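Undergrad: Here's a structure for you.
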There are 2 protein chains.
Amino acid sequence: MMQGSPMLPCEACPLRSLPDIRDFTPDQLAWISRQKRTELRHAAGETIIPEGSKDERFYTLLRGWAFRYKSLPDGRRQILNILLPGDLVGLQAELMGASPHGIEALTDVSLCGFRRDMMWELFRDHPPMALDLTWLAAHGERLTDDVLMSVGQRSGLERMAMLLVHIFRRAVSSGLKRADGAVPFPLTQQHIADVLGLSAVHTNRVLQVLRKQGLITLKEGALAIGDVRALRRVAEYWEQPAPARPIL
Amino acid sequence: MMQGSPMLPCEACPLRSLPDIRDFTPDQLAWISRQKRTELRHAAGETIIPEGSKDERFYTLLRGWAFRYKSLPDGRRQILNILLPGDLVGLQAELMGASPHGIEALTDVSLCGFRRDMMWELFRDHPPMALDLTWLAAHGERLTDDVLMSVGQRSGLERMAMLLVHIFRRAVSSGLKRADGAVPFPLTQQHIADVLGLSAVHTNRVLQVLRKQGLITLKEGALAIGDVRALRRVAEYWEQPAPARPIL
DNA sequence: CGATAAATTGAAGCGCATCAAAATACGTGG
DNA sequence: CCACGTATTTTGATGCGCTTCAATTTATCG
């Protein structure tokens, strides 16, 4: 873990100005900013929260990509969710005691750290933001539900299409779209395999099918989608448009 | 849908006295009871909340079994979670607009219905219970995570063992254990298949393996587990002991 | 007791895993 | 900037777990 440079005040947080993020009142923003205790950094590949650990804090992902995962004693690993800027990290651990899953950095990341008992104060003094927190928890479950539906029922090709559509949209929503229309894509094929419940070899073959059909371009750590509709059709995947999300 | 008989006041709710349910203060209990608007009944097999619907209410499952599911246009269906008495129904729909999944009754069920805008009042006037609600949402995601881990990484046999251990424990915790040590088990093999992401045929074959090994007894709608440790070992599945859960 | 759903069994085939090895990209120090 | 070691991607070949199709047997229920 790397310790942080001077802390970024929430009022100046670049995420706040994204179009898909709900505006907070100046009061709320000031309160959150006061609660922020640390700004952590981790290098790509580092474990941010180990499986089964207890942590005095919970976090918001400020910069970079990470993922939630669970693993079995024999080494099999399931990636539960990809985390992008604005996502909450370690809420479950907060509420449940020991963390039921681990968190690992995909790229270099920065996280805003909050004290565990901030939660109590939040619910007592800021009901609207407490409701936001619950909204985020419910939203998190909805994402996991979608992945479960994929892994349980869709073919390898369908799963892949679904994942790429989903990640692309979220990356765009996090303001990561580049001038050429592509977004950064820091997952290795092994990561993708662990999300989709496929072997790395099969993941590679499925990717090639999508490439040969001209549906995606994936190289040098960037993903571009030729025809989003066509890719959605492969996956039979249509996300319902979500309202602006809150972040803490 | 069948309309209810006289409403059961929450103070007399049989679930409240279960050992795994957290006690509420008399104040909290009285408030909840005042919020309860209806008591619905549905027959086994009926759809309680269709996929994509909007509902003015959300519910707590009072009696009986149900399940959450998502399905694809071509008919494939993934069961996301089995719902037992005390479980919250339709919270996501509440917070997200249209319901991202459907709910169907496995047995005859009764549900306690609450108005949608009760949520706002809950967060404003009853912070501790609002925190409970968030706890429940986070807990729900943890359950889905476990299933995702199974479906993504475990073999058919392991998944089956995991599911049976899990359901058995929850049924016991809901006070459903009978004198002979078995619990009711209203799922058909097709239901199990749709939870585990297996075909019905393979589900049947995997069940027989567990039966021949003497690990489970499953007949006449009841499940008994011979050696829970052995079954957990098959699944490599150890649940962390959860603290007493709240219900609304 | 007949009708319908659920459980069971058999057989054939495919999607994906696994093993193995080569080709390519990537990071690092000299 | 090149050389080297290491991680990642790619390709081929083989096998198994699971699906699919089809038919039979067994429960369930009005």
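By order of appearance in the structure tokens: chains A, B, ..., then residues from 1 within every chain, and ligands from 1 in the order shown.
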Neighbouring residues of A:Ile32 were defined as those with any atom within 8 Å, considering only C-alpha atoms (C1' of nucleotides); residues of the same chain fewer than 3 positions away were excluded. Please report them as a list in words.

TA: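 The residues that qualify are Cys10, Gln28, Leu29, Gln35, Lys36 and Leu248 of chain A.
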
Undergrad: Pull out every residue of chain A that has at least one atom within 9 Å of chain C, counting only C-alpha atoms (C1' of nucleotides), and report them as a ChimeraX atom specification.

TA: /A:155-156,198-199,201-202

Undergrad: Print the selection's residues with C-alpha atoms to a file, as a PDB file, in the first residue's frame.

TA:
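In the end it all went to part-v9.pdb:
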```pdb
ATOM      1  CA  SER A 155     -23.427 -19.487 -23.505  1.00  0.00           C
ATOM      2  CA  GLY A 156     -19.810 -18.393 -23.472  1.00  0.00           C
ATOM      3  CA  LEU A 198     -14.958 -19.879 -18.315  1.00  0.00           C
ATOM      4  CA  SER A 199     -11.423 -21.186 -18.791  1.00  0.00           C
ATOM      5  CA  VAL A 201      -8.400 -20.748 -23.217  1.00  0.00           C
ATOM      6  CA  HIS A 202     -12.071 -20.695 -24.083  1.00  0.00           C
TER       7      HIS A 202
END
```

Undergrad: Would you kindly report the residues of chain B within 7 Å of chain A, using only C-alpha atoms, as an mmCIF file with N, CA and C atoms, in the first residue's frame?

TA:
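To be explicit, this is the file written out as out_1.cif:
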```cif
data_model
loop_
_atom_site.group_PDB
_atom_site.id
_atom_site.type_symbol
_atom_site.label_atom_id
_atom_site.label_comp_id
_atom_site.auth_asym_id
_atom_site.auth_seq_id
_atom_site.Cartn_x
_atom_site.Cartn_y
_atom_site.Cartn_z
ATOM 1 N N LYS B 70 -34.953 -14.182 -12.915
ATOM 2 C CA LYS B 70 -34.863 -13.386 -14.146
ATOM 3 C C LYS B 70 -34.968 -14.346 -15.309
ATOM 4 N N ARG B 76 -35.164 -19.255 -21.158
ATOM 5 C CA ARG B 76 -34.229 -19.656 -20.109
ATOM 6 C C ARG B 76 -34.470 -18.824 -18.856
ATOM 7 N N GLN B 78 -33.215 -18.007 -14.741
ATOM 8 C CA GLN B 78 -32.286 -18.173 -13.632
ATOM 9 C C GLN B 78 -32.986 -17.793 -12.340
ATOM 10 N N LEU B 80 -32.624 -16.566 -8.786
ATOM 11 C CA LEU B 80 -31.561 -15.789 -8.143
ATOM 12 C C LEU B 80 -31.448 -16.115 -6.665
ATOM 13 N N GLN B 92 -35.696 -3.948 -4.184
ATOM 14 C CA GLN B 92 -35.029 -3.399 -5.367
ATOM 15 C C GLN B 92 -36.014 -2.648 -6.242
ATOM 16 N N LEU B 95 -36.628 0.747 -4.993
ATOM 17 C CA LEU B 95 -35.609 1.771 -5.107
ATOM 18 C C LEU B 95 -35.222 2.055 -6.547
ATOM 19 N N PHE B 123 -36.614 6.363 7.090
ATOM 20 C CA PHE B 123 -35.274 6.939 7.167
ATOM 21 C C PHE B 123 -35.267 8.234 7.981
ATOM 22 N N ARG B 124 -36.357 8.978 7.915
ATOM 23 C CA ARG B 124 -36.392 10.252 8.632
ATOM 24 C C ARG B 124 -36.557 10.043 10.138
ATOM 25 N N PRO B 127 -33.904 5.976 12.284
ATOM 26 C CA PRO B 127 -32.575 5.645 11.758
ATOM 27 C C PRO B 127 -32.120 4.218 12.051
ATOM 28 N N LEU B 131 -31.132 1.582 9.145
ATOM 29 C CA LEU B 131 -29.855 0.863 9.053
ATOM 30 C C LEU B 131 -30.089 -0.630 8.901
ATOM 31 N N THR B 134 -30.740 -1.398 5.317
ATOM 32 C CA THR B 134 -29.507 -1.440 4.544
ATOM 33 C C THR B 134 -28.756 -2.731 4.816
ATOM 34 N N TRP B 135 -28.772 -3.141 6.058
ATOM 35 C CA TRP B 135 -28.159 -4.415 6.423
ATOM 36 C C TRP B 135 -28.785 -5.539 5.614
ATOM 37 N N ALA B 137 -30.292 -5.335 2.734
ATOM 38 C CA ALA B 137 -29.906 -5.215 1.329
ATOM 39 C C ALA B 137 -28.501 -5.777 1.114
ATOM 40 N N ALA B 138 -27.592 -5.414 2.016
ATOM 41 C CA ALA B 138 -26.211 -5.902 1.902
ATOM 42 C C ALA B 138 -26.172 -7.414 2.069
ATOM 43 N N GLU B 141 -27.176 -9.192 -1.051
ATOM 44 C CA GLU B 141 -26.120 -9.271 -2.049
ATOM 45 C C GLU B 141 -25.125 -10.359 -1.698
ATOM 46 N N THR B 144 -26.438 -13.643 -2.952
ATOM 47 C CA THR B 144 -26.299 -13.763 -4.402
ATOM 48 C C THR B 144 -24.846 -14.020 -4.773
ATOM 49 N N ASP B 145 -23.937 -13.369 -4.076
ATOM 50 C CA ASP B 145 -22.504 -13.595 -4.321
ATOM 51 C C ASP B 145 -22.153 -15.070 -4.146
ATOM 52 N N LEU B 148 -23.403 -17.046 -7.037
ATOM 53 C CA LEU B 148 -22.593 -16.759 -8.221
ATOM 54 C C LEU B 148 -21.269 -17.512 -8.170
ATOM 55 N N MET B 149 -20.661 -17.512 -7.015
ATOM 56 C CA MET B 149 -19.428 -18.276 -6.836
ATOM 57 C C MET B 149 -19.642 -19.748 -7.167
ATOM 58 N N VAL B 151 -22.138 -21.156 -9.085
ATOM 59 C CA VAL B 151 -22.504 -21.398 -10.472
ATOM 60 C C VAL B 151 -21.305 -21.171 -11.385
ATOM 61 N N GLY B 152 -20.460 -20.213 -11.019
ATOM 62 C CA GLY B 152 -19.312 -19.911 -11.858
ATOM 63 C C GLY B 152 -18.167 -20.904 -11.718
ATOM 64 N N GLN B 153 -17.969 -21.438 -10.510
ATOM 65 C CA GLN B 153 -16.744 -22.201 -10.269
ATOM 66 C C GLN B 153 -16.941 -23.646 -9.836
ATOM 67 N N LEU B 196 -29.182 -23.677 -10.002
ATOM 68 C CA LEU B 196 -27.789 -24.096 -10.157
ATOM 69 C C LEU B 196 -27.244 -23.895 -11.559
ATOM 70 N N GLY B 197 -28.113 -23.546 -12.504
ATOM 71 C CA GLY B 197 -27.645 -23.416 -13.882
ATOM 72 C C GLY B 197 -27.334 -24.759 -14.510
#
```

Undergrad: Going by DSSP on the backbone, which bits of stretch 47-93 of chain A are strand (DSSP E)? Write them as a list in words, please.

TA: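 These are the residues in question: Thr47, Ile48, Ile49, Arg57, Phe58, Tyr59, Thr60, Leu61, Leu62, Arg63, Ala66, Phe67, Arg68, Tyr69, Lys70, Ser71, Arg77, Gln78, Ile79, Leu80, Asn81, Ile82, Leu83, Leu88 and Val89 of chain A.
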
Undergrad: Determine which residues of chain D sit within 10 Å of chain B, taking into account only C-alpha atoms (C1' of nucleotides), and present them as a VMD selection string.

TA: chain D and resid 17 to 20 27

Undergrad: Suppose we keep N, CA, C and O atoms (P, O5', C5', C4', C3', O3' and C1' of nucleotides); can you now write the selection as a CSV table (one decimal), in the first residue's frame?

TA:
```
chain,number,residue,atom,x,y,z
D,17,DG,P,-16.1,-35.9,-15.7
D,17,DG,O5',-17.1,-34.6,-15.7
D,17,DG,C5',-16.5,-33.3,-15.8
D,17,DG,C4',-17.6,-32.4,-16.2
D,17,DG,C3',-18.9,-32.6,-15.5
D,17,DG,O3',-19.5,-31.3,-15.2
D,17,DG,C1',-19.2,-32.9,-17.8
D,18,DC,P,-20.8,-31.1,-14.3
D,18,DC,O5',-21.9,-30.8,-15.4
D,18,DC,C5',-21.7,-29.7,-16.3
D,18,DC,C4',-22.5,-30.0,-17.5
D,18,DC,C3',-24.0,-30.2,-17.3
D,18,DC,O3',-24.7,-29.0,-17.6
D,18,DC,C1',-23.1,-31.6,-19.0
D,19,DT,P,-26.3,-29.0,-17.8
D,19,DT,O5',-26.5,-29.3,-19.3
D,19,DT,C5',-25.8,-28.4,-20.3
D,19,DT,C4',-26.3,-28.8,-21.7
D,19,DT,C3',-27.8,-28.7,-21.8
D,19,DT,O3',-28.1,-28.1,-23.1
D,19,DT,C1',-27.0,-30.9,-22.5
D,20,DT,P,-29.6,-27.7,-23.4
D,20,DT,O5',-30.1,-28.8,-24.4
D,20,DT,C5',-29.2,-29.2,-25.5
D,20,DT,C4',-29.7,-30.4,-26.2
D,20,DT,C3',-31.2,-30.5,-26.2
D,20,DT,O3',-31.6,-30.7,-27.6
D,20,DT,C1',-30.4,-32.5,-25.4
D,27,DA,P,-43.5,-43.5,-6.5
D,27,DA,O5',-44.1,-42.0,-6.7
D,27,DA,C5',-44.2,-41.1,-5.7
D,27,DA,C4',-44.6,-39.8,-6.3
D,27,DA,C3',-45.7,-39.1,-5.6
D,27,DA,O3',-45.3,-37.8,-5.1
D,27,DA,C1',-46.1,-39.2,-7.9
```

Undergrad: Can you list, as an NGL selection string, every protein, DNA or RNA residue that comes within 12 Å of B:Gly45 when you count only C-alpha atoms (C1' of nucleotides), leaving out same-chain residues fewer than 5 positions away?

TA: :B and (1 or 64-67 or 103-109 or 186-188 or 191)

Undergrad: Would you mind exporting the chosen residues as an mmCIF file, in the first residue's frame, restricted to N, CA, C and O atoms?

TA:
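Result written to part-v4.cif:
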```
data_model
loop_
_atom_site.group_PDB
_atom_site.id
_atom_site.type_symbol
_atom_site.label_atom_id
_atom_site.label_comp_id
_atom_site.auth_asym_id
_atom_site.auth_seq_id
_atom_site.Cartn_x
_atom_site.Cartn_y
_atom_site.Cartn_z
ATOM 1 N N MET B 1 -54.450 -13.877 -7.346
ATOM 2 C CA MET B 1 -54.179 -13.414 -5.976
ATOM 3 C C MET B 1 -55.419 -13.567 -5.113
ATOM 4 O O MET B 1 -56.519 -13.307 -5.547
ATOM 5 N N GLY B 64 -44.684 -19.220 4.084
ATOM 6 C CA GLY B 64 -44.506 -19.919 2.809
ATOM 7 C C GLY B 64 -43.167 -19.622 2.140
ATOM 8 O O GLY B 64 -42.341 -18.877 2.664
ATOM 9 N N TRP B 65 -42.959 -20.231 0.984
ATOM 10 C CA TRP B 65 -41.708 -20.100 0.233
ATOM 11 C C TRP B 65 -41.974 -19.418 -1.105
ATOM 12 O O TRP B 65 -43.038 -19.593 -1.695
ATOM 13 N N ALA B 66 -40.981 -18.670 -1.593
ATOM 14 C CA ALA B 66 -41.080 -18.042 -2.908
ATOM 15 C C ALA B 66 -39.675 -17.983 -3.510
ATOM 16 O O ALA B 66 -38.710 -18.447 -2.898
ATOM 17 N N PHE B 67 -39.552 -17.450 -4.717
ATOM 18 C CA PHE B 67 -38.215 -17.251 -5.272
ATOM 19 C C PHE B 67 -38.174 -16.045 -6.205
ATOM 20 O O PHE B 67 -39.176 -15.658 -6.791
ATOM 21 N N ILE B 103 -41.002 -12.353 -8.947
ATOM 22 C CA ILE B 103 -41.127 -13.149 -7.729
ATOM 23 C C ILE B 103 -42.276 -14.136 -7.931
ATOM 24 O O ILE B 103 -43.355 -13.742 -8.376
ATOM 25 N N GLU B 104 -42.036 -15.377 -7.594
ATOM 26 C CA GLU B 104 -43.070 -16.396 -7.771
ATOM 27 C C GLU B 104 -43.196 -17.220 -6.497
ATOM 28 O O GLU B 104 -42.208 -17.476 -5.818
ATOM 29 N N ALA B 105 -44.414 -17.636 -6.208
ATOM 30 C CA ALA B 105 -44.670 -18.419 -4.994
ATOM 31 C C ALA B 105 -44.365 -19.888 -5.224
ATOM 32 O O ALA B 105 -44.760 -20.461 -6.232
ATOM 33 N N LEU B 106 -43.630 -20.499 -4.297
ATOM 34 C CA LEU B 106 -43.348 -21.932 -4.376
ATOM 35 C C LEU B 106 -44.423 -22.730 -3.662
ATOM 36 O O LEU B 106 -44.762 -23.844 -4.051
ATOM 37 N N THR B 107 -44.907 -22.173 -2.566
ATOM 38 C CA THR B 107 -46.006 -22.759 -1.810
ATOM 39 C C THR B 107 -47.057 -21.681 -1.685
ATOM 40 O O THR B 107 -46.851 -20.567 -2.162
ATOM 41 N N ASP B 108 -48.169 -21.986 -1.078
ATOM 42 C CA ASP B 108 -49.087 -20.917 -0.716
ATOM 43 C C ASP B 108 -48.341 -19.964 0.210
ATOM 44 O O ASP B 108 -47.619 -20.404 1.098
ATOM 45 N N VAL B 109 -48.511 -18.667 -0.040
ATOM 46 C CA VAL B 109 -47.763 -17.693 0.760
ATOM 47 C C VAL B 109 -48.668 -16.587 1.296
ATOM 48 O O VAL B 109 -49.726 -16.316 0.723
ATOM 49 N N PRO B 186 -40.051 -27.531 -0.885
ATOM 50 C CA PRO B 186 -41.063 -27.446 -1.923
ATOM 51 C C PRO B 186 -40.522 -27.241 -3.329
ATOM 52 O O PRO B 186 -41.316 -27.067 -4.256
ATOM 53 N N LEU B 187 -39.224 -27.273 -3.533
ATOM 54 C CA LEU B 187 -38.687 -27.070 -4.878
ATOM 55 C C LEU B 187 -38.775 -28.353 -5.692
ATOM 56 O O LEU B 187 -38.432 -29.421 -5.197
ATOM 57 N N THR B 188 -39.152 -28.240 -6.950
ATOM 58 C CA THR B 188 -39.041 -29.382 -7.850
ATOM 59 C C THR B 188 -37.605 -29.440 -8.353
ATOM 60 O O THR B 188 -36.826 -28.491 -8.177
ATOM 61 N N HIS B 191 -36.811 -26.523 -10.463
ATOM 62 C CA HIS B 191 -36.443 -25.335 -9.707
ATOM 63 C C HIS B 191 -34.970 -25.367 -9.325
ATOM 64 O O HIS B 191 -34.238 -24.404 -9.504
#
```

Undergrad: When you look at stretch 171-177 of chain A with a cut-off of 7 Å (counting only C-alpha atoms (C1' of nucleotides)), what residues show up, excluding the ones that are within fewer than 4 positions of it in the same chain? I need them as a list in words.

TA: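 Counting only the stated atoms, we get Leu18, Asp20, Pro85, Ile167, Gly181, Ala182 and Val183 of chain A.
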
Undergrad: Grab the atom CA of B:Gln189 to atom CA of A:Met162 distance for me, in Å with one decimal place.

TA: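 Value for the atom CA of B:Gln189-atom CA of A:Met162 distance: 28.1 Å.
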
Undergrad: Looking at B:Leu218, B:Leu164, B:Leu223, B:Leu62, which one is nearest to B:Arg16, with distances taken over only C-alpha atoms?

TA: B:Leu62

Undergrad: In Å, with one decimal, what is the gap from atom CA of B:Lys54 to atom CA of A:Leu84?

TA: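 Atom-to-atom, atom CA of B:Lys54 to atom CA of A:Leu84, that is 29.0 Å.
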
Undergrad: Using DSSP on the backbone, list every residue of stretch 7-107 of chain A that comes out as helix (DSSP H, G or I), and give them as a PyMOL selection string.

TA: chain A and resi 10-12+14-17+26-35+91-96

Undergrad: Restrict the selected residues to C-alpha atoms and save them as a CSV table (one decimal), in the first residue's frame.

TA:
```
chain,number,residue,atom,x,y,z
A,10,CYS,CA,-15.0,16.2,-2.0
A,11,GLU,CA,-16.0,19.6,-3.1
A,12,ALA,CA,-13.3,19.3,-5.8
A,14,PRO,CA,-13.9,15.2,-10.4
A,15,LEU,CA,-16.5,12.5,-10.2
A,16,ARG,CA,-19.1,14.9,-8.9
A,17,SER,CA,-19.4,16.7,-12.2
A,26,PRO,CA,-23.5,22.0,-0.5
A,27,ASP,CA,-24.3,21.0,3.1
A,28,GLN,CA,-24.2,17.3,2.2
A,29,LEU,CA,-21.0,17.7,0.3
A,30,ALA,CA,-19.3,19.6,3.2
A,31,TRP,CA,-20.4,16.9,5.6
A,32,ILE,CA,-19.0,14.1,3.5
A,33,SER,CA,-15.8,16.0,3.0
A,34,ARG,CA,-15.4,16.3,6.8
A,35,GLN,CA,-15.9,12.6,7.2
A,91,LEU,CA,-19.8,-1.8,2.5
A,92,GLN,CA,-20.7,-5.4,3.1
A,93,ALA,CA,-17.7,-6.0,5.3
A,94,GLU,CA,-18.8,-2.9,7.2
A,95,LEU,CA,-22.2,-4.3,8.0
A,96,MET,CA,-21.4,-8.0,8.3
```

Undergrad: What is the distance between atom CA of A:Leu157 and atom CA of B:Leu157, in Å to one decimal?

TA: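 Separation between atom CA of A:Leu157 and atom CA of B:Leu157: 24.9 Å.
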